[in-house]
$ cat input.cif   # mmCIF, C-alpha atoms
data_data
loop_
_atom_site.label_atom_id
_atom_site.label_comp_id
_atom_site.auth_asym_id
_atom_site.auth_seq_id
_atom_site.Cartn_x
_atom_site.Cartn_y
_atom_site.Cartn_z
CA MET I 1 -40.34 -39.98 -40.98
CA ARG I 2 -42.76 -40.14 -38.07
CA HIS I 3 -39.99 -41.53 -35.85
CA PHE I 4 -37.68 -38.65 -36.83
CA PHE I 5 -40.42 -36.11 -36.07
CA CYS I 6 -41.02 -37.61 -32.64
CA VAL I 7 -37.31 -37.61 -31.80
CA ALA I 8 -36.89 -34.02 -32.99
CA THR I 9 -39.95 -32.89 -31.05
CA GLY I 10 -38.68 -34.65 -27.95
CA LEU I 11 -35.28 -32.98 -28.20
CA ALA I 12 -36.90 -29.58 -28.67
CA LEU I 13 -39.07 -30.07 -25.59
CA MET I 14 -36.03 -31.18 -23.57
CA LEU I 15 -34.09 -28.09 -24.62
CA LEU I 16 -37.05 -25.86 -23.81
CA ALA I 17 -37.40 -27.44 -20.38
CA ALA I 18 -33.68 -27.00 -19.73
CA CYS I 19 -33.91 -23.32 -20.70
CA ASN I 20 -36.89 -22.81 -18.40
CA GLN I 21 -35.07 -24.51 -15.51
CA ALA I 22 -31.90 -22.49 -16.04
CA GLY I 23 -33.88 -19.31 -16.50
CA THR I 24 -33.45 -16.73 -19.19
CA PRO I 25 -30.57 -14.28 -18.72
CA THR I 26 -31.72 -10.96 -17.36
CA ALA I 27 -30.81 -7.89 -19.37
CA GLY I 28 -28.38 -5.50 -17.71
CA PRO I 29 -29.07 -1.80 -17.26
CA SER I 30 -29.02 0.44 -20.31
CA PHE I 31 -26.17 2.90 -20.73
CA ASP I 32 -28.47 5.79 -19.84
CA GLU I 33 -29.57 3.95 -16.69
CA VAL I 34 -25.92 3.50 -15.72
CA LEU I 35 -25.24 7.21 -16.24
CA ILE I 36 -28.26 8.31 -14.21
CA SER I 37 -27.84 5.83 -11.34
CA ARG I 38 -24.09 6.32 -10.88
CA ARG I 39 -23.47 8.48 -7.87
CA SER I 40 -20.54 9.40 -5.65
CA VAL I 41 -21.49 7.14 -2.74
CA ARG I 42 -20.38 8.05 0.79
CA SER I 43 -21.97 5.20 2.75
CA TYR I 44 -21.27 1.49 2.07
CA ASP I 45 -22.83 -1.77 3.23
CA PRO I 46 -20.04 -3.62 5.12
CA ALA I 47 -21.95 -6.93 4.90
CA LYS I 48 -21.54 -7.16 1.10
CA ALA I 49 -18.24 -8.40 -0.35
CA ILE I 50 -16.68 -8.11 -3.80
CA SER I 51 -14.46 -10.89 -5.15
CA GLU I 52 -11.08 -10.56 -6.82
CA ALA I 53 -12.61 -12.06 -9.97
CA GLU I 54 -15.19 -9.27 -10.05
CA VAL I 55 -12.51 -6.60 -9.61
CA ARG I 56 -10.50 -8.19 -12.41
CA ALA I 57 -13.53 -8.05 -14.72
CA LEU I 58 -14.04 -4.41 -13.76
CA LEU I 59 -10.44 -3.39 -14.45
CA THR I 60 -10.37 -5.36 -17.70
CA ALA I 61 -13.25 -3.17 -18.86
CA ALA I 62 -11.37 -0.04 -17.74
CA GLN I 63 -8.52 -1.07 -20.07
CA GLU I 64 -10.81 -0.32 -23.01
CA ALA I 65 -10.53 3.41 -22.28
CA PRO I 66 -8.71 5.44 -24.94
CA SER I 67 -5.25 6.79 -24.19
CA TRP I 68 -2.53 8.79 -25.95
CA ALA I 69 -1.02 6.57 -28.68
CA ASN I 70 -2.55 3.62 -26.79
CA GLN I 71 0.10 4.04 -24.09
CA GLU I 72 -2.25 2.88 -21.30
CA PRO I 73 -0.39 4.90 -18.64
CA THR I 74 -2.91 4.16 -15.87
CA LYS I 75 -2.04 1.59 -13.21
CA TYR I 76 -4.14 0.30 -10.32
CA TYR I 77 -3.19 -0.97 -6.87
CA VAL I 78 -6.06 -2.92 -5.34
CA ALA I 79 -6.41 -3.06 -1.55
CA ILE I 80 -8.73 -6.05 -1.19
CA GLY I 81 -7.05 -7.73 1.78
CA VAL I 82 -8.03 -6.49 5.23
CA GLU I 83 -4.54 -5.31 6.23
CA LYS I 84 -3.91 -3.16 3.15
CA ARG I 85 -7.46 -1.83 3.08
CA LEU I 86 -7.31 -0.69 6.71
CA ALA I 87 -3.91 0.89 6.13
CA LEU I 88 -5.24 2.79 3.13
CA LEU I 89 -8.28 4.00 5.07
CA ASP I 90 -5.92 6.01 7.26
CA MET I 91 -4.59 7.80 4.15
CA VAL I 92 -7.82 9.24 2.69
CA GLY I 93 -8.36 12.12 5.13
CA GLY I 94 -11.92 13.01 6.03
CA ASN I 95 -13.36 10.32 3.78
CA LYS I 96 -12.17 7.53 6.10
CA ASP I 97 -15.46 7.08 7.94
CA ARG I 98 -17.49 7.51 4.75
CA VAL I 99 -15.83 4.60 2.95
CA ALA I 100 -15.04 2.36 5.93
CA GLY I 101 -17.70 -0.14 4.80
CA ALA I 102 -16.33 -0.45 1.24
CA PRO I 103 -14.75 -3.90 0.77
CA VAL I 104 -12.26 -2.69 -1.85
CA LEU I 105 -10.12 0.44 -2.18
CA ILE I 106 -8.22 1.10 -5.41
CA VAL I 107 -5.25 3.43 -5.85
CA SER I 108 -5.12 4.95 -9.33
CA THR I 109 -1.81 6.19 -10.78
CA PHE I 110 -0.33 7.05 -14.15
CA GLU I 111 3.15 6.59 -15.57
CA LYS I 112 4.83 9.94 -16.17
CA GLY I 113 6.40 10.89 -19.48
CA LYS I 114 4.23 8.63 -21.66
CA SER I 115 0.96 10.31 -22.61
CA GLY I 116 1.58 13.69 -24.21
CA PHE I 117 5.14 12.88 -25.25
CA PHE I 118 6.80 12.11 -28.57
CA ARG I 119 10.33 10.71 -28.63
CA GLY I 120 10.79 11.70 -25.01
CA GLN I 121 9.72 15.32 -25.47
CA PRO I 122 6.34 16.96 -24.66
CA ALA I 123 4.21 17.03 -27.79
CA ASN I 124 2.51 20.24 -26.67
CA GLU I 125 2.26 22.63 -23.73
CA VAL I 126 0.08 20.22 -21.69
CA GLY I 127 2.88 17.67 -21.27
CA ASP I 128 2.18 15.22 -18.45
CA GLY I 129 -1.29 16.69 -18.11
CA TRP I 130 -2.22 14.19 -20.81
CA GLY I 131 -1.28 11.40 -18.41
CA ALA I 132 -3.78 12.80 -15.90
CA TYR I 133 -6.32 13.12 -18.73
CA ASP I 134 -5.88 9.47 -19.71
CA ASN I 135 -6.06 8.45 -16.07
CA GLY I 136 -9.39 10.26 -15.77
CA LEU I 137 -10.72 8.48 -18.85
CA SER I 138 -9.72 5.11 -17.43
CA ASN I 139 -11.31 5.95 -14.08
CA ALA I 140 -14.50 7.05 -15.83
CA TYR I 141 -14.73 3.66 -17.54
CA LEU I 142 -14.08 2.03 -14.15
CA VAL I 143 -16.87 3.80 -12.29
CA LEU I 144 -19.38 3.31 -15.11
CA LYS I 145 -18.59 -0.39 -15.45
CA ALA I 146 -18.79 -0.70 -11.67
CA ARG I 147 -22.31 0.72 -11.72
CA ALA I 148 -23.29 -1.60 -14.58
CA MET I 149 -22.14 -4.50 -12.39
CA GLY I 150 -24.25 -3.24 -9.49
CA PHE I 151 -21.40 -1.65 -7.51
CA ASP I 152 -20.88 1.89 -6.27
CA THR I 153 -17.83 4.10 -6.12
CA LEU I 154 -16.31 7.25 -4.69
CA ILE I 155 -13.29 8.89 -6.32
CA MET I 156 -11.21 10.54 -3.59
CA GLY I 157 -8.66 13.25 -4.28
CA MET I 158 -7.98 13.89 -0.59
CA ARG I 159 -5.20 11.38 0.13
CA ASP I 160 -1.67 11.20 1.49
CA SER I 161 0.22 10.41 -1.71
CA GLU I 162 3.62 9.84 -0.09
CA ALA I 163 2.21 7.47 2.53
CA ILE I 164 0.36 5.61 -0.22
CA ARG I 165 3.51 5.45 -2.34
CA ALA I 166 5.43 3.89 0.56
CA GLU I 167 2.66 1.45 1.55
CA PHE I 168 2.14 0.13 -1.98
CA ASP I 169 5.73 0.46 -3.20
CA ILE I 170 4.71 2.81 -6.02
CA PRO I 171 7.76 4.06 -7.99
CA GLU I 172 8.52 7.76 -8.41
CA THR I 173 7.92 7.32 -12.14
CA GLU I 174 4.20 7.16 -11.38
CA ALA I 175 1.96 10.02 -10.21
CA VAL I 176 -0.51 9.02 -7.50
CA MET I 177 -3.90 10.40 -8.52
CA ALA I 178 -6.99 9.11 -6.72
CA VAL I 179 -8.17 6.46 -4.31
CA ILE I 180 -11.43 4.87 -5.45
CA ALA I 181 -13.80 3.19 -2.98
CA LEU I 182 -15.70 0.21 -4.42
CA GLY I 183 -18.67 -1.42 -2.74
CA TYR I 184 -22.45 -1.42 -2.37
CA ARG I 185 -24.42 1.64 -1.33
CA ALA I 186 -25.91 1.47 2.16
CA GLU I 187 -28.52 4.12 1.32
CA GLU I 188 -29.84 5.83 -1.77
CA PRO I 189 -27.79 8.96 -2.51
CA SER I 190 -29.45 12.09 -3.83
CA ARG I 191 -28.77 13.31 -7.35
CA PRO I 192 -27.31 16.83 -7.36
CA ALA I 193 -28.66 19.32 -9.85
CA ARG I 194 -26.67 19.86 -13.04
CA ARG I 195 -25.87 23.18 -14.68
CA GLU I 196 -27.93 24.25 -17.66
CA LEU I 197 -26.39 22.85 -20.84
CA ASP I 198 -26.03 26.28 -22.43
CA GLU I 199 -23.82 27.35 -19.52
CA ILE I 200 -21.14 24.83 -20.51
CA VAL I 201 -21.68 24.39 -24.27
CA ARG I 202 -21.28 26.71 -27.25
CA PHE I 203 -22.42 25.72 -30.73
CA LEU I 204 -20.46 27.70 -33.34
#

$ encode --input "input.cif" --output "structure tokens"
Amino acid sequence: MRHFFCVATGLALMLLAACNQAGTPTAGPSFDEVLISRRSVRSYDPAKAISEAEVRALLTAAQEAPSWANQEPTKYYVAIGVEKRLALLDMVGGNKDRVAGAPVLIVSTFEKGKSGFFRGQPANEVGDGWGAYDNGLSNAYLVLKARAMGFDTLIMGMRDSEAIRAEFDIPETEAVMAVIALGYRAEEPSRPARRELDEIVRFL
């Protein structure tokens, strides 16, 4: 019995030592911290890279966003190579210099005629607007997950959609929505004031 106790104690001490050497996992930010710290960042640190594996983890999380009848109409085209990223920089208008230091640029599109349709016909007056709605939900998941991973983003609506379509071979069946910069902030952005809640909410 004494031998068993000694062996068990020894194993426990070994495991404890291994845990101390490896370190305890640090807790990530809370959801509220993610919401508060997420900003539209317009200055990126060019010295910090993001790997393809990290982008894959990010976009896997974005797939959890809800969509009409689970159609998942959103598609992403990731410019992570230097050539494609530089080409895309020339297609985002006045934001070019602001996001030049971002190591990744992501084109967000949605497939037309899926969300908001039933048996090929619009289910209501919004029609393909539901595709844009679902795209926005997916992008919201993307930017929040990015912040939880320590990244920063800027969603850009100023872009040359036809040039992007040609550069990335995007079919006409998809609507080009936004280009999203992904990187690390080079400086702390300010937090703009929000409207009073009662200006945008009615309780009935």

$ residues_around --input "input.cif" --residues "I:Arg38" --least-positions-apart "2" --cutoff "8 Å" --atoms "only C-alpha atoms" --output "PyMOL selection string"
chain I and resi 34-36+40+143-144+147+152

$ resolve_selection --input "input.cif" --expression "the PyMOL selection byres ((chain I and resi 42) around 7)" --output "MDAnalysis selection string"
chainID I and resid 40:41 43:44 98:99 154

$ resolve_selection --input "input.cif" --expression "the PyMOL selection byres ((chain I and resi 67) around 9)" --output "VMD selection string"
chain I and resid 65 to 66 68 to 73 115 130 to 131 133 to 135 137 to 138

$ write_last_selection --input "input.cif" --atoms "C-alpha atoms" --output "mmCIF file, in the frame of the given file"
data_model
loop_
_atom_site.group_PDB
_atom_site.id
_atom_site.type_symbol
_atom_site.label_atom_id
_atom_site.label_comp_id
_atom_site.auth_asym_id
_atom_site.auth_seq_id
_atom_site.Cartn_x
_atom_site.Cartn_y
_atom_site.Cartn_z
ATOM 1 C CA ALA I 65 -10.530 3.410 -22.280
ATOM 2 C CA PRO I 66 -8.710 5.440 -24.940
ATOM 3 C CA TRP I 68 -2.530 8.790 -25.950
ATOM 4 C CA ALA I 69 -1.020 6.570 -28.680
ATOM 5 C CA ASN I 70 -2.550 3.620 -26.790
ATOM 6 C CA GLN I 71 0.100 4.040 -24.090
ATOM 7 C CA GLU I 72 -2.250 2.880 -21.300
ATOM 8 C CA PRO I 73 -0.390 4.900 -18.640
ATOM 9 C CA SER I 115 0.960 10.310 -22.610
ATOM 10 C CA TRP I 130 -2.220 14.190 -20.810
ATOM 11 C CA GLY I 131 -1.280 11.400 -18.410
ATOM 12 C CA TYR I 133 -6.320 13.120 -18.730
ATOM 13 C CA ASP I 134 -5.880 9.470 -19.710
ATOM 14 C CA ASN I 135 -6.060 8.450 -16.070
ATOM 15 C CA LEU I 137 -10.720 8.480 -18.850
ATOM 16 C CA SER I 138 -9.720 5.110 -17.430
#

$ resolve_selection --input "input.cif" --expression "the PyMOL selection byres ((chain I and resi 103) around 8)" --output "JSON list (two decimals) with C-alpha atoms, in the frame of the given file"
[["chain", "number", "residue", "atom", "x", "y", "z"],
["I", 46, "PRO", "CA", -20.04, -3.62, 5.12],
["I", 48, "LYS", "CA", -21.54, -7.16, 1.10],
["I", 49, "ALA", "CA", -18.24, -8.40, -0.35],
["I", 50, "ILE", "CA", -16.68, -8.11, -3.80],
["I", 80, "ILE", "CA", -8.73, -6.05, -1.19],
["I", 85, "ARG", "CA", -7.46, -1.83, 3.08],
["I", 101, "GLY", "CA", -17.70, -0.14, 4.80],
["I", 102, "ALA", "CA", -16.33, -0.45, 1.24],
["I", 104, "VAL", "CA", -12.26, -2.69, -1.85],
["I", 105, "LEU", "CA", -10.12, 0.44, -2.18],
["I", 182, "LEU", "CA", -15.70, 0.21, -4.42],
["I", 183, "GLY", "CA", -18.67, -1.42, -2.74]]

$ closest_residue --input "input.cif" --among "I:Arg39, I:Ile170, I:Ser30, I:Tyr76" --to "I:Ser190" --atoms "all atoms listed in the file"
I:Arg39

$ axis_aligned_box --input "input.cif" --around "stretch 97-110 of chain I" --padding-each-side "6 Å" --output "JSON"
{"center_x": -9.0, "center_y": 1.8, "center_z": -3.1, "size_x": 29.4, "size_y": 23.4, "size_z": 34.1}

$ closest_residue --input "input.cif" --among "I:Arg191, I:Lys96, I:Arg119, I:Lys145" --to "I:Ser37" --atoms "all atoms listed in the file"
I:Arg191

$ atom_distance --input "input.cif" --atom1 "atom CA of I:Ala123" --atom2 "atom CA of I:Ala140"
24.3 Å

$ closest_residue --input "input.cif" --among "I:Phe31, I:Phe151, I:Tyr77, I:Phe168" --to "I:Arg185" --atoms "all atoms listed in the file"
I:Phe151

$ atom_distance --input "input.cif" --atom1 "atom CA of I:Arg159" --atom2 "atom CA of I:Met91"
5.4 Å

$ atom_distance --input "input.cif" --atom1 "atom CA of I:Phe118" --atom2 "atom CA of I:Met177"
22.8 Å

$ closest_residue --input "input.cif" --among "I:Arg202, I:Ala62, I:Ala163, I:Gly129" --to "I:Lys114" --atoms "all atoms listed in the file"
I:Gly129

$ closest_residue --input "input.cif" --among "I:Ala47, I:Ala148, I:Leu59, I:Ile106" --to "I:Val176" --atoms "only C-alpha atoms"
I:Ile106

$ decode --input "input.cif" --residues "stretch 34-166 of chain I" --atoms "C-alpha atoms" --output "mmCIF file, in the first residue's frame"
data_model
loop_
_atom_site.group_PDB
_atom_site.id
_atom_site.type_symbol
_atom_site.label_atom_id
_atom_site.label_comp_id
_atom_site.auth_asym_id
_atom_site.auth_seq_id
_atom_site.Cartn_x
_atom_site.Cartn_y
_atom_site.Cartn_z
ATOM 1 C CA VAL I 34 -14.311 41.670 -28.192
ATOM 2 C CA LEU I 35 -17.276 43.948 -28.928
ATOM 3 C CA ILE I 36 -15.716 46.965 -27.226
ATOM 4 C CA SER I 37 -12.192 46.535 -28.619
ATOM 5 C CA ARG I 38 -13.222 45.831 -32.225
ATOM 6 C CA ARG I 39 -12.660 48.906 -34.302
ATOM 7 C CA SER I 40 -12.492 49.787 -37.990
ATOM 8 C CA VAL I 41 -8.708 50.030 -38.191
ATOM 9 C CA ARG I 42 -7.104 52.272 -40.821
ATOM 10 C CA SER I 43 -3.421 51.773 -39.988
ATOM 11 C CA TYR I 44 -1.690 48.353 -39.947
ATOM 12 C CA ASP I 45 1.680 47.081 -38.750
ATOM 13 C CA PRO I 46 3.449 45.739 -41.884
ATOM 14 C CA ALA I 47 5.964 43.798 -39.759
ATOM 15 C CA LYS I 48 3.312 41.379 -38.443
ATOM 16 C CA ALA I 49 2.176 38.475 -40.627
ATOM 17 C CA ILE I 50 -0.887 36.235 -40.541
ATOM 18 C CA SER I 51 -0.661 32.609 -41.659
ATOM 19 C CA GLU I 52 -2.990 30.733 -43.982
ATOM 20 C CA ALA I 53 -3.827 28.409 -41.090
ATOM 21 C CA GLU I 54 -4.981 31.384 -39.015
ATOM 22 C CA VAL I 55 -7.144 32.693 -41.863
ATOM 23 C CA ARG I 56 -8.656 29.229 -42.281
ATOM 24 C CA ALA I 57 -9.540 29.134 -38.575
ATOM 25 C CA LEU I 58 -11.082 32.584 -38.890
ATOM 26 C CA LEU I 59 -13.232 31.706 -41.906
ATOM 27 C CA THR I 60 -14.271 28.396 -40.349
ATOM 28 C CA ALA I 61 -15.719 30.428 -37.482
ATOM 29 C CA ALA I 62 -17.480 32.737 -39.960
ATOM 30 C CA GLN I 63 -19.249 29.671 -41.390
ATOM 31 C CA GLU I 64 -21.184 29.414 -38.125
ATOM 32 C CA ALA I 65 -23.162 32.538 -39.052
ATOM 33 C CA PRO I 66 -26.878 31.954 -39.716
ATOM 34 C CA SER I 67 -28.174 32.164 -43.265
ATOM 35 C CA TRP I 68 -31.473 31.739 -45.112
ATOM 36 C CA ALA I 69 -32.384 28.024 -45.055
ATOM 37 C CA ASN I 70 -28.709 27.381 -44.227
ATOM 38 C CA GLN I 71 -27.796 28.253 -47.820
ATOM 39 C CA GLU I 72 -24.420 29.751 -46.837
ATOM 40 C CA PRO I 73 -24.357 32.089 -49.855
ATOM 41 C CA THR I 74 -21.220 33.953 -48.752
ATOM 42 C CA LYS I 75 -17.909 33.182 -50.445
ATOM 43 C CA TYR I 76 -14.444 34.536 -49.706
ATOM 44 C CA TYR I 77 -11.437 35.151 -51.945
ATOM 45 C CA VAL I 78 -8.290 35.545 -49.858
ATOM 46 C CA ALA I 79 -5.417 37.661 -51.192
ATOM 47 C CA ILE I 80 -2.581 36.420 -48.986
ATOM 48 C CA GLY I 81 0.147 36.201 -51.629
ATOM 49 C CA VAL I 82 2.063 39.392 -52.382
ATOM 50 C CA GLU I 83 1.032 39.603 -56.059
ATOM 51 C CA LYS I 84 -2.716 39.298 -55.483
ATOM 52 C CA ARG I 85 -2.646 41.523 -52.405
ATOM 53 C CA LEU I 86 -0.851 44.331 -54.239
ATOM 54 C CA ALA I 87 -3.230 43.997 -57.182
ATOM 55 C CA LEU I 88 -6.224 44.245 -54.859
ATOM 56 C CA LEU I 89 -4.793 47.304 -53.111
ATOM 57 C CA ASP I 90 -5.203 49.201 -56.382
ATOM 58 C CA MET I 91 -8.925 48.360 -56.380
ATOM 59 C CA VAL I 92 -10.003 49.784 -52.998
ATOM 60 C CA GLY I 93 -9.997 53.490 -53.863
ATOM 61 C CA GLY I 94 -8.946 55.928 -51.161
ATOM 62 C CA ASN I 95 -8.400 53.158 -48.631
ATOM 63 C CA LYS I 96 -5.275 51.920 -50.442
ATOM 64 C CA ASP I 97 -2.768 53.757 -48.263
ATOM 65 C CA ARG I 98 -4.743 53.036 -45.092
ATOM 66 C CA VAL I 99 -4.591 49.256 -45.503
ATOM 67 C CA ALA I 100 -1.242 48.932 -47.293
ATOM 68 C CA GLY I 101 0.311 47.364 -44.180
ATOM 69 C CA ALA I 102 -2.384 44.681 -43.810
ATOM 70 C CA PRO I 103 -0.918 41.255 -44.675
ATOM 71 C CA VAL I 104 -4.251 39.846 -45.871
ATOM 72 C CA LEU I 105 -7.110 41.258 -47.947
ATOM 73 C CA ILE I 106 -10.348 39.303 -48.294
ATOM 74 C CA VAL I 107 -12.992 39.769 -50.976
ATOM 75 C CA SER I 108 -16.487 38.944 -49.719
ATOM 76 C CA THR I 109 -19.237 37.913 -52.166
ATOM 77 C CA PHE I 110 -22.591 36.169 -52.089
ATOM 78 C CA GLU I 111 -24.261 33.809 -54.536
ATOM 79 C CA LYS I 112 -27.324 35.409 -56.098
ATOM 80 C CA GLY I 113 -30.727 33.740 -56.141
ATOM 81 C CA LYS I 114 -30.203 31.599 -53.023
ATOM 82 C CA SER I 115 -31.060 33.497 -49.846
ATOM 83 C CA GLY I 116 -34.557 34.952 -50.029
ATOM 84 C CA PHE I 117 -35.754 32.500 -52.676
ATOM 85 C CA PHE I 118 -38.070 29.502 -52.630
ATOM 86 C CA ARG I 119 -38.183 27.157 -55.623
ATOM 87 C CA GLY I 120 -36.384 29.747 -57.718
ATOM 88 C CA GLN I 121 -38.766 32.604 -56.905
ATOM 89 C CA PRO I 122 -38.320 35.479 -54.403
ATOM 90 C CA ALA I 123 -39.996 34.555 -51.135
ATOM 91 C CA ASN I 124 -40.809 38.195 -50.416
ATOM 92 C CA GLU I 125 -40.206 41.718 -51.715
ATOM 93 C CA VAL I 126 -36.594 41.802 -50.430
ATOM 94 C CA GLY I 127 -35.418 39.122 -52.866
ATOM 95 C CA ASP I 128 -31.633 39.068 -53.244
ATOM 96 C CA GLY I 129 -31.386 41.598 -50.431
ATOM 97 C CA TRP I 130 -31.422 38.548 -48.176
ATOM 98 C CA GLY I 131 -28.175 37.438 -49.791
ATOM 99 C CA ALA I 132 -26.607 40.760 -48.800
ATOM 100 C CA TYR I 133 -28.119 40.343 -45.319
ATOM 101 C CA ASP I 134 -26.570 36.887 -44.929
ATOM 102 C CA ASN I 135 -23.274 38.198 -46.262
ATOM 103 C CA GLY I 136 -23.315 40.896 -43.596
ATOM 104 C CA LEU I 137 -23.976 38.321 -40.885
ATOM 105 C CA SER I 138 -21.054 36.214 -42.066
ATOM 106 C CA ASN I 139 -18.785 39.260 -42.202
ATOM 107 C CA ALA I 140 -19.859 40.254 -38.689
ATOM 108 C CA TYR I 141 -18.807 36.829 -37.405
ATOM 109 C CA LEU I 142 -15.529 37.241 -39.315
ATOM 110 C CA VAL I 143 -14.579 40.599 -37.809
ATOM 111 C CA LEU I 144 -15.564 39.555 -34.283
ATOM 112 C CA LYS I 145 -13.629 36.296 -34.478
ATOM 113 C CA ALA I 146 -10.689 38.224 -35.926
ATOM 114 C CA ARG I 147 -10.672 40.512 -32.898
ATOM 115 C CA ALA I 148 -10.926 37.529 -30.538
ATOM 116 C CA MET I 149 -7.804 36.141 -32.251
ATOM 117 C CA GLY I 150 -5.987 39.443 -31.753
ATOM 118 C CA PHE I 151 -6.407 40.728 -35.327
ATOM 119 C CA ASP I 152 -7.960 43.900 -36.678
ATOM 120 C CA THR I 153 -10.137 44.570 -39.690
ATOM 121 C CA LEU I 154 -11.591 47.205 -41.982
ATOM 122 C CA ILE I 155 -14.651 46.472 -44.120
ATOM 123 C CA MET I 156 -14.360 48.491 -47.332
ATOM 124 C CA GLY I 157 -17.313 49.249 -49.575
ATOM 125 C CA MET I 158 -15.303 51.533 -51.863
ATOM 126 C CA ARG I 159 -13.930 49.055 -54.419
ATOM 127 C CA ASP I 160 -13.828 48.424 -58.158
ATOM 128 C CA SER I 161 -16.111 45.392 -58.361
ATOM 129 C CA GLU I 162 -15.529 44.656 -62.051
ATOM 130 C CA ALA I 163 -11.746 44.816 -61.709
ATOM 131 C CA ILE I 164 -11.980 42.540 -58.670
ATOM 132 C CA ARG I 165 -14.248 40.133 -60.543
ATOM 133 C CA ALA I 166 -11.713 39.877 -63.375
#
